[in-house]
$ cat input30.cif   # mmCIF, N, CA and C atoms
data_work
#
loop_
_atom_site.group_PDB
_atom_site.id
_atom_site.type_symbol
_atom_site.label_atom_id
_atom_site.label_comp_id
_atom_site.auth_asym_id
_atom_site.auth_seq_id
_atom_site.Cartn_x
_atom_site.Cartn_y
_atom_site.Cartn_z
ATOM 1 N N ILE A 72 22.364 15.500 24.607
ATOM 2 C CA ILE A 72 22.812 14.264 25.231
ATOM 3 C C ILE A 72 24.182 13.886 24.697
ATOM 4 N N GLN A 73 24.363 13.946 23.372
ATOM 5 C CA GLN A 73 25.654 13.591 22.802
ATOM 6 C C GLN A 73 26.734 14.574 23.208
ATOM 7 N N ARG A 74 26.400 15.854 23.316
ATOM 8 C CA ARG A 74 27.397 16.868 23.646
ATOM 9 C C ARG A 74 28.007 16.665 25.030
ATOM 10 N N VAL A 75 27.231 16.147 25.935
ATOM 11 C CA VAL A 75 27.751 15.934 27.286
ATOM 12 C C VAL A 75 28.225 14.503 27.493
ATOM 13 N N GLY A 76 28.185 13.706 26.435
ATOM 14 C CA GLY A 76 28.709 12.350 26.484
ATOM 15 C C GLY A 76 27.853 11.368 27.255
ATOM 16 N N LYS A 77 26.575 11.614 27.318
ATOM 17 C CA LYS A 77 25.670 10.709 28.033
ATOM 18 C C LYS A 77 25.073 9.697 27.072
ATOM 19 N N HIS A 78 24.867 8.497 27.574
ATOM 20 C CA HIS A 78 24.198 7.437 26.819
ATOM 21 C C HIS A 78 22.943 7.082 27.603
ATOM 22 N N ILE A 79 21.792 7.358 27.028
ATOM 23 C CA ILE A 79 20.534 7.131 27.728
ATOM 24 C C ILE A 79 19.686 6.143 26.944
ATOM 25 N N ASP A 80 19.303 5.062 27.617
ATOM 26 C CA ASP A 80 18.368 4.118 27.005
ATOM 27 C C ASP A 80 16.987 4.760 26.998
ATOM 28 N N THR A 81 16.314 4.672 25.857
ATOM 29 C CA THR A 81 15.051 5.377 25.663
ATOM 30 C C THR A 81 13.954 4.403 25.259
ATOM 31 N N PHE A 82 12.822 4.514 25.927
ATOM 32 C CA PHE A 82 11.635 3.761 25.549
ATOM 33 C C PHE A 82 10.646 4.728 24.909
ATOM 34 N N VAL A 83 9.897 4.254 23.934
ATOM 35 C CA VAL A 83 8.872 5.066 23.281
ATOM 36 C C VAL A 83 7.522 4.566 23.764
ATOM 37 N N GLN A 84 6.753 5.474 24.347
ATOM 38 C CA GLN A 84 5.416 5.110 24.803
ATOM 39 C C GLN A 84 4.420 5.369 23.683
ATOM 40 N N VAL A 85 3.609 4.359 23.398
ATOM 41 C CA VAL A 85 2.624 4.427 22.320
ATOM 42 C C VAL A 85 1.243 4.639 22.931
ATOM 43 N N ASN A 86 0.517 5.615 22.410
ATOM 44 C CA ASN A 86 -0.841 5.908 22.839
ATOM 45 C C ASN A 86 -1.773 5.441 21.729
ATOM 46 N N PHE A 87 -2.425 4.305 21.944
ATOM 47 C CA PHE A 87 -3.225 3.678 20.894
ATOM 48 C C PHE A 87 -4.512 4.421 20.558
ATOM 49 N N GLU A 88 -5.151 5.012 21.530
ATOM 50 C CA GLU A 88 -6.467 5.618 21.305
ATOM 51 C C GLU A 88 -6.453 7.141 21.444
ATOM 52 N N ASN A 89 -5.257 7.746 21.449
ATOM 53 C CA ASN A 89 -5.141 9.199 21.655
ATOM 54 C C ASN A 89 -5.866 9.653 22.912
ATOM 55 N N GLU A 90 -5.717 8.861 23.964
ATOM 56 C CA GLU A 90 -6.358 9.203 25.231
ATOM 57 C C GLU A 90 -5.637 10.401 25.847
ATOM 58 N N ILE A 91 -6.384 11.453 26.130
ATOM 59 C CA ILE A 91 -5.771 12.682 26.622
ATOM 60 C C ILE A 91 -5.175 12.522 28.016
ATOM 61 N N GLN A 92 -5.648 11.549 28.782
ATOM 62 C CA GLN A 92 -5.123 11.347 30.124
ATOM 63 C C GLN A 92 -3.825 10.539 30.119
ATOM 64 N N LYS A 93 -3.389 10.080 28.946
ATOM 65 C CA LYS A 93 -2.155 9.300 28.831
ATOM 66 C C LYS A 93 -1.171 10.022 27.916
ATOM 67 N N SER A 94 0.088 9.866 28.252
ATOM 68 C CA SER A 94 1.141 10.398 27.391
ATOM 69 C C SER A 94 1.434 9.393 26.289
ATOM 70 N N GLY A 95 2.300 9.771 25.397
ATOM 71 C CA GLY A 95 2.730 8.840 24.363
ATOM 72 C C GLY A 95 2.510 9.370 22.968
ATOM 73 N N ILE A 96 3.158 8.685 22.057
ATOM 74 C CA ILE A 96 3.088 9.017 20.639
ATOM 75 C C ILE A 96 1.890 8.316 20.022
ATOM 76 N N ASN A 97 1.142 9.037 19.224
ATOM 77 C CA ASN A 97 0.016 8.443 18.503
ATOM 78 C C ASN A 97 0.516 7.249 17.715
ATOM 79 N N VAL A 98 -0.243 6.180 17.737
ATOM 80 C CA VAL A 98 0.168 4.947 17.065
ATOM 81 C C VAL A 98 0.470 5.183 15.584
ATOM 82 N N ASN A 99 -0.197 6.144 14.977
ATOM 83 C CA ASN A 99 0.034 6.444 13.560
ATOM 84 C C ASN A 99 1.334 7.205 13.313
ATOM 85 N N ASP A 100 1.920 7.755 14.374
ATOM 86 C CA ASP A 100 3.144 8.540 14.247
ATOM 87 C C ASP A 100 4.387 7.829 14.766
ATOM 88 N N VAL A 101 4.232 6.615 15.246
ATOM 89 C CA VAL A 101 5.344 5.908 15.886
ATOM 90 C C VAL A 101 6.508 5.693 14.923
ATOM 91 N N ASP A 102 6.237 5.255 13.698
ATOM 92 C CA ASP A 102 7.317 4.982 12.749
ATOM 93 C C ASP A 102 8.189 6.216 12.520
ATOM 94 N N GLN A 103 7.567 7.340 12.237
ATOM 95 C CA GLN A 103 8.319 8.572 11.989
ATOM 96 C C GLN A 103 9.071 9.023 13.237
ATOM 97 N N PHE A 104 8.425 8.869 14.389
ATOM 98 C CA PHE A 104 9.054 9.294 15.638
ATOM 99 C C PHE A 104 10.294 8.452 15.949
ATOM 100 N N VAL A 105 10.172 7.136 15.817
ATOM 101 C CA VAL A 105 11.312 6.249 16.071
ATOM 102 C C VAL A 105 12.440 6.548 15.090
ATOM 103 N N LYS A 106 12.090 6.736 13.836
ATOM 104 C CA LYS A 106 13.102 7.062 12.828
ATOM 105 C C LYS A 106 13.841 8.350 13.194
ATOM 106 N N MET A 107 13.098 9.376 13.594
ATOM 107 C CA MET A 107 13.710 10.644 13.969
ATOM 108 C C MET A 107 14.606 10.470 15.205
ATOM 109 N N CYS A 108 14.135 9.722 16.181
ATOM 110 C CA CYS A 108 14.920 9.504 17.402
ATOM 111 C C CYS A 108 16.250 8.819 17.093
ATOM 112 N N ILE A 109 16.214 7.828 16.224
ATOM 113 C CA ILE A 109 17.419 7.059 15.912
ATOM 114 C C ILE A 109 18.336 7.804 14.956
ATOM 115 N N GLU A 110 17.765 8.286 13.860
ATOM 116 C CA GLU A 110 18.606 8.862 12.811
ATOM 117 C C GLU A 110 19.031 10.304 13.078
ATOM 118 N N LYS A 111 18.126 11.125 13.565
ATOM 119 C CA LYS A 111 18.456 12.542 13.768
ATOM 120 C C LYS A 111 19.110 12.791 15.132
ATOM 121 N N TYR A 112 18.524 12.202 16.176
ATOM 122 C CA TYR A 112 18.999 12.490 17.523
ATOM 123 C C TYR A 112 19.924 11.412 18.094
ATOM 124 N N LYS A 113 20.101 10.324 17.328
ATOM 125 C CA LYS A 113 21.022 9.251 17.738
ATOM 126 C C LYS A 113 20.689 8.689 19.118
ATOM 127 N N LEU A 114 19.397 8.613 19.429
ATOM 128 C CA LEU A 114 18.973 8.053 20.709
ATOM 129 C C LEU A 114 19.003 6.530 20.645
ATOM 130 N N ASN A 115 19.243 5.918 21.773
ATOM 131 C CA ASN A 115 19.264 4.466 21.871
ATOM 132 C C ASN A 115 17.860 3.975 22.219
ATOM 133 N N ILE A 116 17.080 3.696 21.186
ATOM 134 C CA ILE A 116 15.726 3.182 21.409
ATOM 135 C C ILE A 116 15.859 1.728 21.827
ATOM 136 N N CYS A 117 15.415 1.433 23.046
ATOM 137 C CA CYS A 117 15.586 0.069 23.539
ATOM 138 C C CYS A 117 14.254 -0.610 23.813
ATOM 139 N N GLY A 118 13.160 0.025 23.460
ATOM 140 C CA GLY A 118 11.883 -0.646 23.642
ATOM 141 C C GLY A 118 10.702 0.254 23.357
ATOM 142 N N LEU A 119 9.562 -0.401 23.223
ATOM 143 C CA LEU A 119 8.279 0.267 23.053
ATOM 144 C C LEU A 119 7.418 -0.118 24.243
ATOM 145 N N MET A 120 6.578 0.784 24.677
ATOM 146 C CA MET A 120 5.696 0.478 25.799
ATOM 147 C C MET A 120 4.348 1.140 25.575
ATOM 148 N N CYS A 121 3.353 0.600 26.268
ATOM 149 C CA CYS A 121 2.021 1.187 26.186
ATOM 150 C C CYS A 121 1.220 0.805 27.420
ATOM 151 N N ILE A 122 0.201 1.585 27.672
ATOM 152 C CA ILE A 122 -0.829 1.230 28.638
ATOM 153 C C ILE A 122 -2.092 1.068 27.797
ATOM 154 N N PRO A 123 -2.549 -0.181 27.614
ATOM 155 C CA PRO A 123 -3.730 -0.392 26.757
ATOM 156 C C PRO A 123 -4.942 0.368 27.278
ATOM 157 N N PRO A 124 -5.834 0.729 26.379
ATOM 158 C CA PRO A 124 -7.046 1.454 26.768
ATOM 159 C C PRO A 124 -7.877 0.657 27.775
ATOM 160 N N ILE A 125 -8.461 1.366 28.717
ATOM 161 C CA ILE A 125 -9.320 0.741 29.725
ATOM 162 C C ILE A 125 -10.515 0.104 29.035
ATOM 163 N N GLY A 126 -10.853 -1.089 29.478
ATOM 164 C CA GLY A 126 -12.028 -1.770 28.949
ATOM 165 C C GLY A 126 -11.771 -2.563 27.678
ATOM 166 N N GLN A 127 -10.542 -2.579 27.205
ATOM 167 C CA GLN A 127 -10.200 -3.348 26.012
ATOM 168 C C GLN A 127 -9.233 -4.467 26.383
ATOM 169 N N GLU A 128 -9.324 -5.537 25.648
ATOM 170 C CA GLU A 128 -8.388 -6.643 25.818
ATOM 171 C C GLU A 128 -6.985 -6.131 25.502
ATOM 172 N N PRO A 129 -6.024 -6.284 26.423
ATOM 173 C CA PRO A 129 -4.692 -5.732 26.197
ATOM 174 C C PRO A 129 -3.841 -6.504 25.189
ATOM 175 N N SER A 130 -4.104 -7.780 25.003
ATOM 176 C CA SER A 130 -3.241 -8.611 24.148
ATOM 177 C C SER A 130 -3.017 -8.062 22.746
ATOM 178 N N PRO A 131 -4.052 -7.599 22.028
ATOM 179 C CA PRO A 131 -3.807 -7.084 20.680
ATOM 180 C C PRO A 131 -2.837 -5.900 20.649
ATOM 181 N N HIS A 132 -2.855 -5.089 21.673
ATOM 182 C CA HIS A 132 -1.971 -3.930 21.719
ATOM 183 C C HIS A 132 -0.517 -4.369 21.899
ATOM 184 N N PHE A 133 -0.297 -5.334 22.775
ATOM 185 C CA PHE A 133 1.063 -5.834 22.979
ATOM 186 C C PHE A 133 1.554 -6.614 21.759
ATOM 187 N N LEU A 134 0.651 -7.330 21.106
ATOM 188 C CA LEU A 134 1.038 -8.039 19.878
ATOM 189 C C LEU A 134 1.430 -7.050 18.779
ATOM 190 N N PHE A 135 0.725 -5.933 18.700
ATOM 191 C CA PHE A 135 1.068 -4.906 17.717
ATOM 192 C C PHE A 135 2.475 -4.366 17.982
ATOM 193 N N LEU A 136 2.790 -4.102 19.252
ATOM 194 C CA LEU A 136 4.137 -3.626 19.590
ATOM 195 C C LEU A 136 5.185 -4.674 19.238
ATOM 196 N N LYS A 137 4.851 -5.933 19.430
ATOM 197 C CA LYS A 137 5.792 -7.010 19.081
ATOM 198 C C LYS A 137 6.050 -7.037 17.576
ATOM 199 N N LYS A 138 5.006 -6.806 16.774
ATOM 200 C CA LYS A 138 5.184 -6.744 15.322
ATOM 201 C C LYS A 138 6.035 -5.535 14.926
ATOM 202 N N LEU A 139 5.805 -4.412 15.583
ATOM 203 C CA LEU A 139 6.626 -3.231 15.308
ATOM 204 C C LEU A 139 8.086 -3.510 15.622
ATOM 205 N N LYS A 140 8.315 -4.209 16.703
ATOM 206 C CA LYS A 140 9.686 -4.572 17.064
ATOM 207 C C LYS A 140 10.357 -5.317 15.919
ATOM 208 N N SER A 141 9.665 -6.281 15.329
ATOM 209 C CA SER A 141 10.227 -7.052 14.211
ATOM 210 C C SER A 141 10.564 -6.150 13.034
ATOM 211 N N VAL A 142 9.701 -5.201 12.749
ATOM 212 C CA VAL A 142 9.937 -4.254 11.650
ATOM 213 C C VAL A 142 11.176 -3.420 11.948
ATOM 214 N N TYR A 143 11.262 -2.897 13.159
ATOM 215 C CA TYR A 143 12.400 -2.051 13.517
ATOM 216 C C TYR A 143 13.711 -2.824 13.506
ATOM 217 N N LEU A 144 13.663 -4.089 13.883
ATOM 218 C CA LEU A 144 14.889 -4.893 13.851
ATOM 219 C C LEU A 144 15.353 -5.131 12.420
ATOM 220 N N CYS A 145 14.432 -5.176 11.476
ATOM 221 C CA CYS A 145 14.815 -5.307 10.060
ATOM 222 C C CYS A 145 15.438 -4.007 9.541
ATOM 223 N N ILE A 146 14.858 -2.883 9.943
ATOM 224 C CA ILE A 146 15.344 -1.585 9.487
ATOM 225 C C ILE A 146 16.633 -1.193 10.208
ATOM 226 N N TYR A 147 16.683 -1.463 11.503
ATOM 227 C CA TYR A 147 17.818 -1.068 12.348
ATOM 228 C C TYR A 147 18.367 -2.309 13.069
ATOM 229 N N PRO A 148 19.116 -3.150 12.362
ATOM 230 C CA PRO A 148 19.580 -4.407 12.961
ATOM 231 C C PRO A 148 20.432 -4.225 14.218
ATOM 232 N N PHE A 149 21.072 -3.073 14.363
ATOM 233 C CA PHE A 149 21.900 -2.848 15.556
ATOM 234 C C PHE A 149 21.080 -2.839 16.838
ATOM 235 N N LEU A 150 19.748 -2.655 16.735
ATOM 236 C CA LEU A 150 18.907 -2.688 17.926
ATOM 237 C C LEU A 150 18.897 -4.067 18.575
ATOM 238 N N GLN A 151 19.201 -5.089 17.798
ATOM 239 C CA GLN A 151 19.232 -6.445 18.327
ATOM 240 C C GLN A 151 20.258 -6.559 19.455
ATOM 241 N N ASP A 152 21.306 -5.751 19.398
ATOM 242 C CA ASP A 152 22.351 -5.794 20.411
ATOM 243 C C ASP A 152 21.870 -5.311 21.776
ATOM 244 N N ASN A 153 20.784 -4.588 21.793
ATOM 245 C CA ASN A 153 20.281 -4.067 23.058
ATOM 246 C C ASN A 153 19.230 -5.019 23.601
ATOM 247 N N ILE A 154 19.584 -5.772 24.608
ATOM 248 C CA ILE A 154 18.722 -6.829 25.118
ATOM 249 C C ILE A 154 17.377 -6.303 25.604
ATOM 250 N N ARG A 155 17.328 -5.058 26.034
ATOM 251 C CA ARG A 155 16.063 -4.517 26.527
ATOM 252 C C ARG A 155 15.084 -4.239 25.415
ATOM 253 N N PHE A 156 15.503 -4.377 24.165
ATOM 254 C CA PHE A 156 14.563 -4.199 23.073
ATOM 255 C C PHE A 156 13.658 -5.429 22.926
ATOM 256 N N ARG A 157 13.976 -6.478 23.623
ATOM 257 C CA ARG A 157 13.153 -7.691 23.572
ATOM 258 C C ARG A 157 11.953 -7.507 24.482
ATOM 259 N N PHE A 158 10.792 -7.959 24.002
ATOM 260 C CA PHE A 158 9.569 -7.807 24.765
ATOM 261 C C PHE A 158 9.426 -8.961 25.739
ATOM 262 N N LYS A 159 8.882 -8.674 26.895
ATOM 263 C CA LYS A 159 8.690 -9.668 27.942
ATOM 264 C C LYS A 159 7.384 -10.435 27.774
ATOM 265 N N ARG A 160 6.477 -9.941 27.002
ATOM 266 C CA ARG A 160 5.150 -10.549 26.882
ATOM 267 C C ARG A 160 5.149 -11.638 25.863
#

$ encode --input "input30.cif" --output "structure tokens"
Amino acid sequence: IQRVGKHIDTFVQVNFENEIQKSGINVNDVDQFVKMCIEKYKLNICGLMCIPPIGQEPSPHFLFLKKLKSVYLCIYPFLQDNIRFRFKR
């Protein structure tokens, strides 16, 4: 991406229950994955997303992503500049 001069906004999809029918990074691997995306590959992480497991209340999953956002903003303050990193929920 950098070699061809492209700037791509990237969202990370989180898979909370390791559901095989859904894509995404295992919730336990999100921190390492985001770190690798930002530091090694220089990707513009602009948000986290998930499809909560069927039959479960979705609110706790979105609240967890909101907490992760706060952590990432402390570690990578430049993410604050990207308005799409803000959660709509």

$ atom_distance --input "input30.cif" --atom1 "CA of Ile146 in chain A" --atom2 "CA of Val85 in chain A"
19.0 Å

$ resolve_selection --input "input30.cif" --expression "the PyMOL selection byres ((chain A and resi 97) around 7)" --output "mmCIF file with N, CA and C atoms, in the frame of the given file"
data_model
loop_
_atom_site.group_PDB
_atom_site.id
_atom_site.type_symbol
_atom_site.label_atom_id
_atom_site.label_comp_id
_atom_site.auth_asym_id
_atom_site.auth_seq_id
_atom_site.Cartn_x
_atom_site.Cartn_y
_atom_site.Cartn_z
ATOM 1 N N GLN A 84 6.753 5.474 24.347
ATOM 2 C CA GLN A 84 5.416 5.110 24.803
ATOM 3 C C GLN A 84 4.420 5.369 23.683
ATOM 4 N N VAL A 85 3.609 4.359 23.398
ATOM 5 C CA VAL A 85 2.624 4.427 22.320
ATOM 6 C C VAL A 85 1.243 4.639 22.931
ATOM 7 N N ASN A 86 0.517 5.615 22.410
ATOM 8 C CA ASN A 86 -0.841 5.908 22.839
ATOM 9 C C ASN A 86 -1.773 5.441 21.729
ATOM 10 N N PHE A 87 -2.425 4.305 21.944
ATOM 11 C CA PHE A 87 -3.225 3.678 20.894
ATOM 12 C C PHE A 87 -4.512 4.421 20.558
ATOM 13 N N GLU A 88 -5.151 5.012 21.530
ATOM 14 C CA GLU A 88 -6.467 5.618 21.305
ATOM 15 C C GLU A 88 -6.453 7.141 21.444
ATOM 16 N N ASN A 89 -5.257 7.746 21.449
ATOM 17 C CA ASN A 89 -5.141 9.199 21.655
ATOM 18 C C ASN A 89 -5.866 9.653 22.912
ATOM 19 N N GLY A 95 2.300 9.771 25.397
ATOM 20 C CA GLY A 95 2.730 8.840 24.363
ATOM 21 C C GLY A 95 2.510 9.370 22.968
ATOM 22 N N ILE A 96 3.158 8.685 22.057
ATOM 23 C CA ILE A 96 3.088 9.017 20.639
ATOM 24 C C ILE A 96 1.890 8.316 20.022
ATOM 25 N N VAL A 98 -0.243 6.180 17.737
ATOM 26 C CA VAL A 98 0.168 4.947 17.065
ATOM 27 C C VAL A 98 0.470 5.183 15.584
ATOM 28 N N ASN A 99 -0.197 6.144 14.977
ATOM 29 C CA ASN A 99 0.034 6.444 13.560
ATOM 30 C C ASN A 99 1.334 7.205 13.313
ATOM 31 N N ASP A 100 1.920 7.755 14.374
ATOM 32 C CA ASP A 100 3.144 8.540 14.247
ATOM 33 C C ASP A 100 4.387 7.829 14.766
ATOM 34 N N VAL A 101 4.232 6.615 15.246
ATOM 35 C CA VAL A 101 5.344 5.908 15.886
ATOM 36 C C VAL A 101 6.508 5.693 14.923
#

$ resolve_selection --input "input30.cif" --expression "the PyMOL selection byres ((chain A and resi 115) around 6)" --output "PyMOL selection string"
chain A and resi 79-81+113-114+116-117

$ select_by_dssp --input "input30.cif" --residues "chain A" --states "helix (DSSP H, G or I)" --output "mmCIF file with N, CA and C atoms, in the coordinates of the input"
data_model
loop_
_atom_site.group_PDB
_atom_site.id
_atom_site.type_symbol
_atom_site.label_atom_id
_atom_site.label_comp_id
_atom_site.auth_asym_id
_atom_site.auth_seq_id
_atom_site.Cartn_x
_atom_site.Cartn_y
_atom_site.Cartn_z
ATOM 1 N N VAL A 98 -0.243 6.180 17.737
ATOM 2 C CA VAL A 98 0.168 4.947 17.065
ATOM 3 C C VAL A 98 0.470 5.183 15.584
ATOM 4 N N ASN A 99 -0.197 6.144 14.977
ATOM 5 C CA ASN A 99 0.034 6.444 13.560
ATOM 6 C C ASN A 99 1.334 7.205 13.313
ATOM 7 N N ASP A 100 1.920 7.755 14.374
ATOM 8 C CA ASP A 100 3.144 8.540 14.247
ATOM 9 C C ASP A 100 4.387 7.829 14.766
ATOM 10 N N VAL A 101 4.232 6.615 15.246
ATOM 11 C CA VAL A 101 5.344 5.908 15.886
ATOM 12 C C VAL A 101 6.508 5.693 14.923
ATOM 13 N N ASP A 102 6.237 5.255 13.698
ATOM 14 C CA ASP A 102 7.317 4.982 12.749
ATOM 15 C C ASP A 102 8.189 6.216 12.520
ATOM 16 N N GLN A 103 7.567 7.340 12.237
ATOM 17 C CA GLN A 103 8.319 8.572 11.989
ATOM 18 C C GLN A 103 9.071 9.023 13.237
ATOM 19 N N PHE A 104 8.425 8.869 14.389
ATOM 20 C CA PHE A 104 9.054 9.294 15.638
ATOM 21 C C PHE A 104 10.294 8.452 15.949
ATOM 22 N N VAL A 105 10.172 7.136 15.817
ATOM 23 C CA VAL A 105 11.312 6.249 16.071
ATOM 24 C C VAL A 105 12.440 6.548 15.090
ATOM 25 N N LYS A 106 12.090 6.736 13.836
ATOM 26 C CA LYS A 106 13.102 7.062 12.828
ATOM 27 C C LYS A 106 13.841 8.350 13.194
ATOM 28 N N MET A 107 13.098 9.376 13.594
ATOM 29 C CA MET A 107 13.710 10.644 13.969
ATOM 30 C C MET A 107 14.606 10.470 15.205
ATOM 31 N N CYS A 108 14.135 9.722 16.181
ATOM 32 C CA CYS A 108 14.920 9.504 17.402
ATOM 33 C C CYS A 108 16.250 8.819 17.093
ATOM 34 N N ILE A 109 16.214 7.828 16.224
ATOM 35 C CA ILE A 109 17.419 7.059 15.912
ATOM 36 C C ILE A 109 18.336 7.804 14.956
ATOM 37 N N GLU A 110 17.765 8.286 13.860
ATOM 38 C CA GLU A 110 18.606 8.862 12.811
ATOM 39 C C GLU A 110 19.031 10.304 13.078
ATOM 40 N N LYS A 111 18.126 11.125 13.565
ATOM 41 C CA LYS A 111 18.456 12.542 13.768
ATOM 42 C C LYS A 111 19.110 12.791 15.132
ATOM 43 N N SER A 130 -4.104 -7.780 25.003
ATOM 44 C CA SER A 130 -3.241 -8.611 24.148
ATOM 45 C C SER A 130 -3.017 -8.062 22.746
ATOM 46 N N PRO A 131 -4.052 -7.599 22.028
ATOM 47 C CA PRO A 131 -3.807 -7.084 20.680
ATOM 48 C C PRO A 131 -2.837 -5.900 20.649
ATOM 49 N N HIS A 132 -2.855 -5.089 21.673
ATOM 50 C CA HIS A 132 -1.971 -3.930 21.719
ATOM 51 C C HIS A 132 -0.517 -4.369 21.899
ATOM 52 N N PHE A 133 -0.297 -5.334 22.775
ATOM 53 C CA PHE A 133 1.063 -5.834 22.979
ATOM 54 C C PHE A 133 1.554 -6.614 21.759
ATOM 55 N N LEU A 134 0.651 -7.330 21.106
ATOM 56 C CA LEU A 134 1.038 -8.039 19.878
ATOM 57 C C LEU A 134 1.430 -7.050 18.779
ATOM 58 N N PHE A 135 0.725 -5.933 18.700
ATOM 59 C CA PHE A 135 1.068 -4.906 17.717
ATOM 60 C C PHE A 135 2.475 -4.366 17.982
ATOM 61 N N LEU A 136 2.790 -4.102 19.252
ATOM 62 C CA LEU A 136 4.137 -3.626 19.590
ATOM 63 C C LEU A 136 5.185 -4.674 19.238
ATOM 64 N N LYS A 137 4.851 -5.933 19.430
ATOM 65 C CA LYS A 137 5.792 -7.010 19.081
ATOM 66 C C LYS A 137 6.050 -7.037 17.576
ATOM 67 N N LYS A 138 5.006 -6.806 16.774
ATOM 68 C CA LYS A 138 5.184 -6.744 15.322
ATOM 69 C C LYS A 138 6.035 -5.535 14.926
ATOM 70 N N LEU A 139 5.805 -4.412 15.583
ATOM 71 C CA LEU A 139 6.626 -3.231 15.308
ATOM 72 C C LEU A 139 8.086 -3.510 15.622
ATOM 73 N N LYS A 140 8.315 -4.209 16.703
ATOM 74 C CA LYS A 140 9.686 -4.572 17.064
ATOM 75 C C LYS A 140 10.357 -5.317 15.919
ATOM 76 N N SER A 141 9.665 -6.281 15.329
ATOM 77 C CA SER A 141 10.227 -7.052 14.211
ATOM 78 C C SER A 141 10.564 -6.150 13.034
ATOM 79 N N VAL A 142 9.701 -5.201 12.749
ATOM 80 C CA VAL A 142 9.937 -4.254 11.650
ATOM 81 C C VAL A 142 11.176 -3.420 11.948
ATOM 82 N N TYR A 143 11.262 -2.897 13.159
ATOM 83 C CA TYR A 143 12.400 -2.051 13.517
ATOM 84 C C TYR A 143 13.711 -2.824 13.506
ATOM 85 N N LEU A 144 13.663 -4.089 13.883
ATOM 86 C CA LEU A 144 14.889 -4.893 13.851
ATOM 87 C C LEU A 144 15.353 -5.131 12.420
ATOM 88 N N CYS A 145 14.432 -5.176 11.476
ATOM 89 C CA CYS A 145 14.815 -5.307 10.060
ATOM 90 C C CYS A 145 15.438 -4.007 9.541
ATOM 91 N N ILE A 146 14.858 -2.883 9.943
ATOM 92 C CA ILE A 146 15.344 -1.585 9.487
ATOM 93 C C ILE A 146 16.633 -1.193 10.208
ATOM 94 N N PRO A 148 19.116 -3.150 12.362
ATOM 95 C CA PRO A 148 19.580 -4.407 12.961
ATOM 96 C C PRO A 148 20.432 -4.225 14.218
ATOM 97 N N PHE A 149 21.072 -3.073 14.363
ATOM 98 C CA PHE A 149 21.900 -2.848 15.556
ATOM 99 C C PHE A 149 21.080 -2.839 16.838
ATOM 100 N N LEU A 150 19.748 -2.655 16.735
ATOM 101 C CA LEU A 150 18.907 -2.688 17.926
ATOM 102 C C LEU A 150 18.897 -4.067 18.575
ATOM 103 N N GLN A 151 19.201 -5.089 17.798
ATOM 104 C CA GLN A 151 19.232 -6.445 18.327
ATOM 105 C C GLN A 151 20.258 -6.559 19.455
ATOM 106 N N ASP A 152 21.306 -5.751 19.398
ATOM 107 C CA ASP A 152 22.351 -5.794 20.411
ATOM 108 C C ASP A 152 21.870 -5.311 21.776
ATOM 109 N N ILE A 154 19.584 -5.772 24.608
ATOM 110 C CA ILE A 154 18.722 -6.829 25.118
ATOM 111 C C ILE A 154 17.377 -6.303 25.604
ATOM 112 N N ARG A 155 17.328 -5.058 26.034
ATOM 113 C CA ARG A 155 16.063 -4.517 26.527
ATOM 114 C C ARG A 155 15.084 -4.239 25.415
ATOM 115 N N PHE A 156 15.503 -4.377 24.165
ATOM 116 C CA PHE A 156 14.563 -4.199 23.073
ATOM 117 C C PHE A 156 13.658 -5.429 22.926
#

$ atom_distance --input "input30.cif" --atom1 "atom N of Lys106 in chain A" --atom2 "atom N of His132 in chain A"
20.6 Å

$ residues_near_point --input "input30.cif" --point "(6.1, -1.2, 13.0)" --cutoff "12 Å" --atoms "only C-alpha atoms" --output "VMD selection string"
chain A and resid 85 98 to 106 119 134 to 147
